[in-house]
>>> print(open('input00.cif').read())   # mmCIF, C-alpha atoms
data_input
#
loop_
_atom_site.label_atom_id
_atom_site.label_comp_id
_atom_site.auth_asym_id
_atom_site.auth_seq_id
_atom_site.Cartn_x
_atom_site.Cartn_y
_atom_site.Cartn_z
CA MET T 1 12.48 -12.70 -1.86
CA ILE T 2 9.32 -12.27 -3.90
CA THR T 3 8.81 -14.89 -6.60
CA ARG T 4 5.94 -16.06 -8.69
CA ARG T 5 5.76 -19.29 -6.68
CA LEU T 6 5.77 -17.35 -3.42
CA ASP T 7 2.90 -15.19 -4.66
CA GLU T 8 0.98 -18.35 -5.55
CA ALA T 9 1.63 -19.80 -2.10
CA ARG T 10 0.40 -16.64 -0.41
CA GLN T 11 -2.75 -16.59 -2.52
CA ALA T 12 -3.38 -20.26 -1.72
CA TYR T 13 -3.04 -19.55 2.00
CA LYS T 14 -5.34 -16.55 1.73
CA ASN T 15 -7.99 -18.72 0.09
CA ARG T 16 -7.18 -21.69 2.33
CA ASP T 17 -6.80 -23.71 -0.87
CA VAL T 18 -4.79 -26.84 -0.03
CA LEU T 19 -4.53 -28.03 -3.65
CA ALA T 20 -3.24 -24.63 -4.82
CA SER T 21 -0.71 -24.65 -1.97
CA MET T 22 0.49 -28.10 -3.04
CA ALA T 23 0.86 -26.86 -6.61
CA ALA T 24 2.86 -23.83 -5.46
CA HIS T 25 5.24 -26.16 -3.60
CA ASP T 26 5.53 -28.76 -6.37
CA PRO T 27 9.23 -29.73 -6.22
CA THR T 28 9.32 -30.71 -9.91
CA LYS T 29 8.33 -27.17 -10.88
CA ILE T 30 10.37 -25.39 -8.25
CA GLY T 31 13.56 -27.06 -9.41
CA ASN T 32 13.06 -26.23 -13.07
CA GLU T 33 11.94 -22.62 -12.82
CA VAL T 34 14.08 -19.50 -12.74
CA TRP T 35 13.62 -18.03 -9.27
CA HIS T 36 14.57 -14.41 -9.02
CA LYS T 37 14.09 -11.31 -6.95
CA THR T 38 11.66 -8.73 -8.22
CA GLY T 39 11.80 -5.05 -7.35
CA GLN T 40 8.15 -4.27 -7.96
CA GLY T 41 7.08 -4.82 -4.37
CA LYS T 42 10.19 -3.55 -2.62
CA TYR T 43 8.95 -0.01 -2.00
CA ILE T 44 5.20 -0.61 -1.76
CA GLY T 45 5.31 -0.03 1.99
CA SER T 46 7.03 3.34 1.59
CA ALA T 47 4.54 4.38 -1.09
CA ILE T 48 1.43 3.41 0.86
CA TYR T 49 2.47 4.84 4.20
CA GLY T 50 3.81 7.98 2.57
CA ALA T 51 0.48 8.44 0.79
CA SER T 52 -1.57 7.83 3.93
CA ASP T 53 0.46 10.35 5.94
CA GLY T 54 0.31 12.88 3.12
CA ILE T 55 -3.43 12.87 2.66
CA ILE T 56 -4.29 12.82 6.37
CA THR T 57 -1.96 15.64 7.37
CA THR T 58 -2.91 17.84 4.41
CA PHE T 59 -6.63 17.31 4.87
CA ALA T 60 -6.24 18.11 8.56
CA VAL T 61 -4.84 21.49 7.53
CA VAL T 62 -7.68 22.03 5.04
CA ALA T 63 -10.28 21.07 7.63
CA GLY T 64 -8.75 23.32 10.28
CA VAL T 65 -8.69 26.31 7.95
CA ALA T 66 -12.23 25.59 6.76
CA GLY T 67 -13.42 25.32 10.35
CA ALA T 68 -11.96 28.73 11.04
CA GLY T 69 -13.87 30.13 8.07
CA LEU T 70 -10.75 31.41 6.29
CA SER T 71 -10.49 31.98 2.55
CA ALA T 72 -9.61 29.50 -0.16
CA ALA T 73 -6.32 31.34 -0.69
CA VAL T 74 -5.33 30.61 2.91
CA VAL T 75 -6.27 26.95 2.44
CA LEU T 76 -4.00 26.70 -0.60
CA ILE T 77 -1.10 28.55 1.00
CA LEU T 78 -1.13 26.55 4.21
CA GLY T 79 -1.97 23.30 2.46
CA LEU T 80 0.81 23.54 -0.10
CA ALA T 81 3.34 24.71 2.49
CA ASN T 82 2.43 21.77 4.70
CA LEU T 83 2.50 19.39 1.74
CA ILE T 84 6.02 20.28 0.62
CA GLY T 85 7.47 20.88 4.08
CA ASP T 86 6.14 17.71 5.68
CA GLY T 87 6.84 15.68 2.54
CA LEU T 88 10.49 16.71 2.53
CA SER T 89 10.77 16.19 6.28
CA MET T 90 9.32 12.70 6.03
CA ALA T 91 11.47 11.75 3.04
CA ILE T 92 14.68 13.08 4.63
CA GLY T 93 13.88 11.28 7.87
CA ASP T 94 13.23 8.07 5.93
CA PHE T 95 16.56 8.44 4.11
CA LEU T 96 18.62 9.22 7.21
CA SER T 97 17.10 6.42 9.27
CA GLY T 98 17.52 3.94 6.43
CA ARG T 99 21.15 4.94 5.89
CA ALA T 100 21.91 4.76 9.61
CA GLU T 101 20.33 1.31 9.81
CA ARG T 102 22.33 0.14 6.81
CA LYS T 103 25.60 1.41 8.37
CA TYR T 104 24.79 -0.39 11.62
CA GLN T 105 24.02 -3.61 9.78
CA LYS T 106 27.25 -3.42 7.80
CA SER T 107 29.31 -2.75 10.92
CA GLU T 108 27.78 -5.80 12.63
CA GLU T 109 28.45 -7.90 9.53
CA GLU T 110 32.10 -6.80 9.52
CA ARG T 111 32.38 -7.63 13.23
CA GLU T 112 30.99 -11.12 12.71
CA LEU T 113 33.41 -11.70 9.84
CA TRP T 114 36.35 -10.57 11.99
CA GLU T 115 35.29 -12.86 14.84
CA ILE T 116 34.89 -15.85 12.50
CA GLU T 117 38.33 -15.27 11.05
CA ASN T 118 40.04 -14.66 14.41
CA HIS T 119 38.09 -16.89 16.81
CA PRO T 120 36.30 -19.54 14.74
CA GLU T 121 35.85 -21.99 17.61
CA GLY T 122 33.98 -19.45 19.69
CA GLU T 123 31.72 -18.57 16.77
CA ARG T 124 31.21 -22.26 15.98
CA GLU T 125 30.08 -22.81 19.55
CA GLU T 126 27.63 -19.93 19.24
CA VAL T 127 26.07 -21.60 16.20
CA ARG T 128 25.87 -24.85 18.17
CA GLN T 129 24.13 -23.13 21.11
CA ILE T 130 21.69 -21.30 18.79
CA TYR T 131 20.39 -24.53 17.30
CA LYS T 132 20.66 -26.45 20.55
CA ASN T 133 18.26 -23.92 22.04
CA LYS T 134 15.92 -24.65 19.13
CA GLY T 135 15.77 -28.30 20.20
CA LEU T 136 18.41 -29.97 18.03
CA GLU T 137 20.95 -32.31 19.59
CA GLY T 138 23.37 -35.12 18.96
CA GLU T 139 24.49 -36.02 15.46
CA THR T 140 21.81 -33.90 13.81
CA LEU T 141 23.05 -30.82 15.65
CA GLU T 142 26.70 -31.48 14.88
CA ASN T 143 26.03 -32.14 11.20
CA LEU T 144 24.11 -28.86 10.92
CA VAL T 145 26.87 -26.91 12.68
CA ALA T 146 29.49 -28.46 10.41
CA ALA T 147 27.46 -27.62 7.30
CA ILE T 148 26.89 -24.00 8.31
CA THR T 149 30.46 -23.32 9.37
CA SER T 150 31.88 -24.88 6.20
CA ASN T 151 30.60 -21.92 4.20
CA LYS T 152 31.75 -18.50 5.40
CA SER T 153 28.93 -16.56 3.74
CA LEU T 154 26.30 -18.90 5.20
CA TRP T 155 28.05 -18.74 8.58
CA ILE T 156 27.96 -14.94 8.63
CA HIS T 157 24.36 -14.89 7.42
CA THR T 158 23.39 -17.33 10.18
CA MET T 159 25.04 -15.23 12.87
CA MET T 160 23.40 -12.06 11.56
CA THR T 161 19.89 -13.48 11.37
CA GLU T 162 19.86 -15.98 14.24
CA GLU T 163 22.06 -14.21 16.79
CA LEU T 164 21.39 -10.55 16.00
CA GLY T 165 18.04 -10.67 14.22
CA ILE T 166 19.44 -8.65 11.30
CA TYR T 167 18.63 -9.30 7.67
CA ILE T 168 20.46 -7.15 5.12
CA ASP T 169 18.61 -6.52 1.87
CA GLU T 170 21.47 -5.66 -0.47
CA ASP T 171 19.09 -4.50 -3.21
CA SER T 172 17.18 -1.93 -1.14
CA SER T 173 18.15 1.75 -1.35
CA PRO T 174 17.48 4.36 1.36
CA LEU T 175 17.52 7.04 -1.35
CA LYS T 176 14.94 5.27 -3.52
CA SER T 177 12.78 4.65 -0.47
CA ALA T 178 12.94 8.36 0.41
CA VAL T 179 12.03 9.40 -3.15
CA VAL T 180 9.07 7.00 -3.22
CA THR T 181 7.92 8.30 0.17
CA PHE T 182 8.11 11.93 -0.98
CA ILE T 183 6.33 11.37 -4.28
CA SER T 184 3.52 9.34 -2.74
CA PHE T 185 3.17 11.87 0.10
CA VAL T 186 2.88 14.80 -2.34
CA VAL T 187 0.58 13.08 -4.84
CA ALA T 188 -1.89 11.77 -2.26
CA GLY T 189 -1.54 14.86 -0.09
CA PHE T 190 -2.48 17.10 -3.02
CA MET T 191 -5.91 15.47 -3.34
CA PRO T 192 -7.56 17.50 -0.53
CA LEU T 193 -6.39 20.68 -2.29
CA LEU T 194 -7.62 19.65 -5.73
CA ALA T 195 -11.12 21.13 -5.29
CA TYR T 196 -9.63 24.50 -4.35
CA VAL T 197 -7.21 24.46 -7.29
CA LEU T 198 -10.00 23.61 -9.76
CA SER T 199 -12.61 25.92 -8.27
CA SER T 200 -11.83 28.70 -10.76
CA HIS T 201 -12.52 26.33 -13.67
CA VAL T 202 -15.24 24.04 -12.31
CA PRO T 203 -18.33 25.94 -11.07
CA ILE T 204 -19.60 23.13 -8.83
CA PHE T 205 -16.26 23.11 -7.00
CA ALA T 206 -16.35 26.88 -6.60
CA ALA T 207 -19.73 26.72 -4.90
CA ASN T 208 -18.86 23.75 -2.67
CA GLN T 209 -15.11 23.81 -2.17
CA PHE T 210 -14.88 22.15 1.23
CA LEU T 211 -17.59 19.58 0.46
CA ALA T 212 -15.79 18.67 -2.78
CA ALA T 213 -12.52 18.42 -0.87
CA VAL T 214 -14.18 16.09 1.65
CA MET T 215 -15.50 13.82 -1.10
CA ILE T 216 -12.22 13.69 -3.02
CA THR T 217 -10.31 13.05 0.19
CA GLY T 218 -12.72 10.32 1.28
CA ILE T 219 -12.31 8.47 -2.01
CA THR T 220 -8.54 8.82 -1.87
CA LEU T 221 -8.37 7.71 1.75
CA PHE T 222 -10.38 4.60 1.01
CA THR T 223 -8.22 3.83 -2.05
CA VAL T 224 -4.96 4.23 -0.14
CA GLY T 225 -6.27 2.14 2.75
CA ALA T 226 -7.44 -0.58 0.37
CA ALA T 227 -3.99 -0.59 -1.28
CA ARG T 228 -2.46 -1.63 2.05
CA VAL T 229 -3.53 -5.16 1.15
CA PHE T 230 -0.23 -5.38 -0.76
CA VAL T 231 1.66 -4.90 2.52
CA THR T 232 -0.55 -6.28 5.27
CA GLY T 233 -2.54 -8.94 3.42
CA GLU T 234 -5.75 -7.76 5.11
CA LYS T 235 -9.07 -7.56 3.28
CA TRP T 236 -9.00 -4.52 1.00
CA TYR T 237 -12.33 -3.09 2.10
CA LEU T 238 -11.41 -3.31 5.79
CA GLY T 239 -8.16 -1.47 5.11
CA GLY T 240 -10.07 1.16 3.15
CA LEU T 241 -12.68 1.66 5.88
CA GLU T 242 -10.03 1.84 8.59
CA MET T 243 -8.12 4.55 6.72
CA LEU T 244 -11.36 6.41 6.08
CA VAL T 245 -12.24 6.37 9.79
CA VAL T 246 -8.74 7.41 10.90
CA GLY T 247 -8.64 10.25 8.38
CA GLY T 248 -12.15 11.31 9.35
CA ILE T 249 -11.25 11.48 13.04
CA SER T 250 -8.12 13.54 12.33
CA ALA T 251 -9.99 15.92 10.04
CA SER T 252 -12.89 16.29 12.49
CA ALA T 253 -10.50 17.18 15.31
CA ALA T 254 -8.73 19.75 13.10
CA TYR T 255 -12.04 21.24 11.94
CA LEU T 256 -13.25 21.52 15.52
CA ILE T 257 -10.08 23.29 16.63
CA GLY T 258 -10.33 25.68 13.69
CA PHE T 259 -13.97 26.36 14.49
CA LEU T 260 -13.25 27.03 18.18
CA LEU T 261 -10.39 29.38 17.29
CA LYS T 262 -12.35 31.21 14.58
CA GLY T 263 -12.56 34.29 16.75
CA ILE T 264 -8.79 34.51 17.06
CA ALA T 265 -8.39 34.21 13.28
CA GLY T 266 -10.97 36.93 12.75
CA ALA T 267 -9.29 39.25 15.25
CA ALA T 268 -5.96 38.75 13.50
#
>>> encode(input="input00.cif", output="structure tokens")
Amino acid sequence: MITRRLDEARQAYKNRDVLASMAAHDPTKIGNEVWHKTGQGKYIGSAIYGASDGIITTFAVVAGVAGAGLSAAVVLILGLANLIGDGLSMAIGDFLSGRAERKYQKSEEERELWEIENHPEGEREEVRQIYKNKGLEGETLENLVAAITSNKSLWIHTMMTEELGIYIDEDSSPLKSAVVTFISFVVAGFMPLLAYVLSSHVPIFAANQFLAAVMITGITLFTVGAARVFVTGEKWYLGGLEMLVVGGISASAAYLIGFLLKGIAGAA
């Protein structure tokens, strides 16, 4: 659950600001505010990782073709084919894996419900053992078990999270995640091709197509890497530099392979 108070608490921890953390946990404010789920951050991970995969794989193709000394037309053909093909493959894989995971989670939830309804004592004992293993005992343990098992929804949720390690996000959508992945993959992955597309209209790009592609890709890589701060919480410039280095290594390897196989391309 992402809330304004939770965002404040995270920022306070990031800054190691004790007073701000106390303010974020002020019980008088927490009790009087409307806490709600927000969807704005739900698919950030899909967007960022889709974008990073898109730009790295597409630029690897561009670098490989450039290393082989092939024409701009070949760069565009292979680059666009890779962009759409890999983007669809990644999005479909994201959708299928998300749907399969959701089906598995639902089947486990139904099983837990059936067991609670048909063998409540056994399930009650499982709750007791879960929290006993966490160090609770005596009256405290029994009161907690009684409280959890008095509410069927809480009971099922406890078994899912504590016994199986499963948390079901009812508001997430495998289809939306797949769409976000595809769009971010295509948009970011198109950046390495931008210099080649604009070369007929921008003279400086026409004279330095690969160099322009490198510069555009470098800026995009750093931007995408820096944006990972929304997911990982790391320092934005470290994320940007890491993505830049990873993309550079991938592109260098592709360029080298293209360069070494230039003779084969020429013979073909």
>>> residues_around(input="input00.cif", residues="stretch 137-154 of chain T", least_positions_apart="4", cutoff="12 Å", atoms="all atoms listed in the file", output="list in words")
Glu109, Glu110, Glu112, Leu113, Trp114, Glu115, Ile116, Glu117, Pro120, Glu121, Gly122, Glu123, Arg124, Glu125, Glu126, Val127, Arg128, Gln129, Ile130, Tyr131, Lys132, Asn133, Thr158, Met159, Met160, Thr161 and Glu162 of chain T
>>> write_last_selection(input="input00.cif", atoms="C-alpha atoms", output="mmCIF file, in the coordinates of the input")
data_model
loop_
_atom_site.group_PDB
_atom_site.id
_atom_site.type_symbol
_atom_site.label_atom_id
_atom_site.label_comp_id
_atom_site.auth_asym_id
_atom_site.auth_seq_id
_atom_site.Cartn_x
_atom_site.Cartn_y
_atom_site.Cartn_z
ATOM 1 C CA GLU T 109 28.450 -7.900 9.530
ATOM 2 C CA GLU T 110 32.100 -6.800 9.520
ATOM 3 C CA GLU T 112 30.990 -11.120 12.710
ATOM 4 C CA LEU T 113 33.410 -11.700 9.840
ATOM 5 C CA TRP T 114 36.350 -10.570 11.990
ATOM 6 C CA GLU T 115 35.290 -12.860 14.840
ATOM 7 C CA ILE T 116 34.890 -15.850 12.500
ATOM 8 C CA GLU T 117 38.330 -15.270 11.050
ATOM 9 C CA PRO T 120 36.300 -19.540 14.740
ATOM 10 C CA GLU T 121 35.850 -21.990 17.610
ATOM 11 C CA GLY T 122 33.980 -19.450 19.690
ATOM 12 C CA GLU T 123 31.720 -18.570 16.770
ATOM 13 C CA ARG T 124 31.210 -22.260 15.980
ATOM 14 C CA GLU T 125 30.080 -22.810 19.550
ATOM 15 C CA GLU T 126 27.630 -19.930 19.240
ATOM 16 C CA VAL T 127 26.070 -21.600 16.200
ATOM 17 C CA ARG T 128 25.870 -24.850 18.170
ATOM 18 C CA GLN T 129 24.130 -23.130 21.110
ATOM 19 C CA ILE T 130 21.690 -21.300 18.790
ATOM 20 C CA TYR T 131 20.390 -24.530 17.300
ATOM 21 C CA LYS T 132 20.660 -26.450 20.550
ATOM 22 C CA ASN T 133 18.260 -23.920 22.040
ATOM 23 C CA THR T 158 23.390 -17.330 10.180
ATOM 24 C CA MET T 159 25.040 -15.230 12.870
ATOM 25 C CA MET T 160 23.400 -12.060 11.560
ATOM 26 C CA THR T 161 19.890 -13.480 11.370
ATOM 27 C CA GLU T 162 19.860 -15.980 14.240
#
>>> residues_near_point(input="input00.cif", point="(-13.3, 22.2, -1.9)", cutoff="9 Å", atoms="all atoms listed in the file", output="VMD selection string")
chain T and resid 62 72 192 to 199 205 to 216
>>> atom_distance(input="input00.cif", atom1="atom CA of T:Val179", atom2="atom CA of T:Ser107")
25.4 Å
>>> axis_aligned_box(input="input00.cif", around="stretch 142-160 of chain T", padding_each_side="6 Å", output="AutoDock Vina command-line options")
--center_x 27.6 --center_y -22.1 --center_z 9.3 --size_x 20.5 --size_y 32.1 --size_z 23.1
>>> residues_around(input="input00.cif", residues="stretch 164-177 of chain T", least_positions_apart="5", cutoff="10 Å", atoms="all atoms listed in the file", output="number ranges by chain")
T: 1, 37-39, 42-47, 91-92, 94-102, 104-106, 108-109, 157-159, 182
>>> closest_residue(input="input00.cif", among="T:Ala9, T:Leu221, T:Ala24, T:Arg111", to="T:Ala251", atoms="only C-alpha atoms")
T:Leu221
>>> resolve_selection(input="input00.cif", expression="the PyMOL selection byres ((chain T and resi 185) around 10)", output="NGL selection string")
:T and (46-58 or 83-84 or 86-88 or 90-91 or 179-184 or 186-190)
>>> atom_distance(input="input00.cif", atom1="atom CA of T:Met191", atom2="atom CA of T:Gly247")
13.1 Å
>>> resolve_selection(input="input00.cif", expression="the PyMOL selection byres ((chain T and resi 74) around 12)", output="list in words")
Val61, Val62, Ala63, Gly64, Val65, Ala66, Ala68, Gly69, Leu70, Ser71, Ala72, Ala73, Val75, Leu76, Ile77, Leu78, Gly79, Leu80, Ala81, Asn82, Leu193, Tyr196 and Ala265 of chain T
>>> write_last_selection(input="input00.cif", atoms="C-alpha atoms", output="compact mmCIF listing (two decimals), in the coordinates of the input")
# COMPACT_ATOMS: atom_id res chain seq x y z
CA VAL T 61 -4.84 21.49 7.53
CA VAL T 62 -7.68 22.03 5.04
CA ALA T 63 -10.28 21.07 7.63
CA GLY T 64 -8.75 23.32 10.28
CA VAL T 65 -8.69 26.31 7.95
CA ALA T 66 -12.23 25.59 6.76
CA ALA T 68 -11.96 28.73 11.04
CA GLY T 69 -13.87 30.13 8.07
CA LEU T 70 -10.75 31.41 6.29
CA SER T 71 -10.49 31.98 2.55
CA ALA T 72 -9.61 29.50 -0.16
CA ALA T 73 -6.32 31.34 -0.69
CA VAL T 75 -6.27 26.95 2.44
CA LEU T 76 -4.00 26.70 -0.60
CA ILE T 77 -1.10 28.55 1.00
CA LEU T 78 -1.13 26.55 4.21
CA GLY T 79 -1.97 23.30 2.46
CA LEU T 80 0.81 23.54 -0.10
CA ALA T 81 3.34 24.71 2.49
CA ASN T 82 2.43 21.77 4.70
CA LEU T 193 -6.39 20.68 -2.29
CA TYR T 196 -9.63 24.50 -4.35
CA ALA T 265 -8.39 34.21 13.28
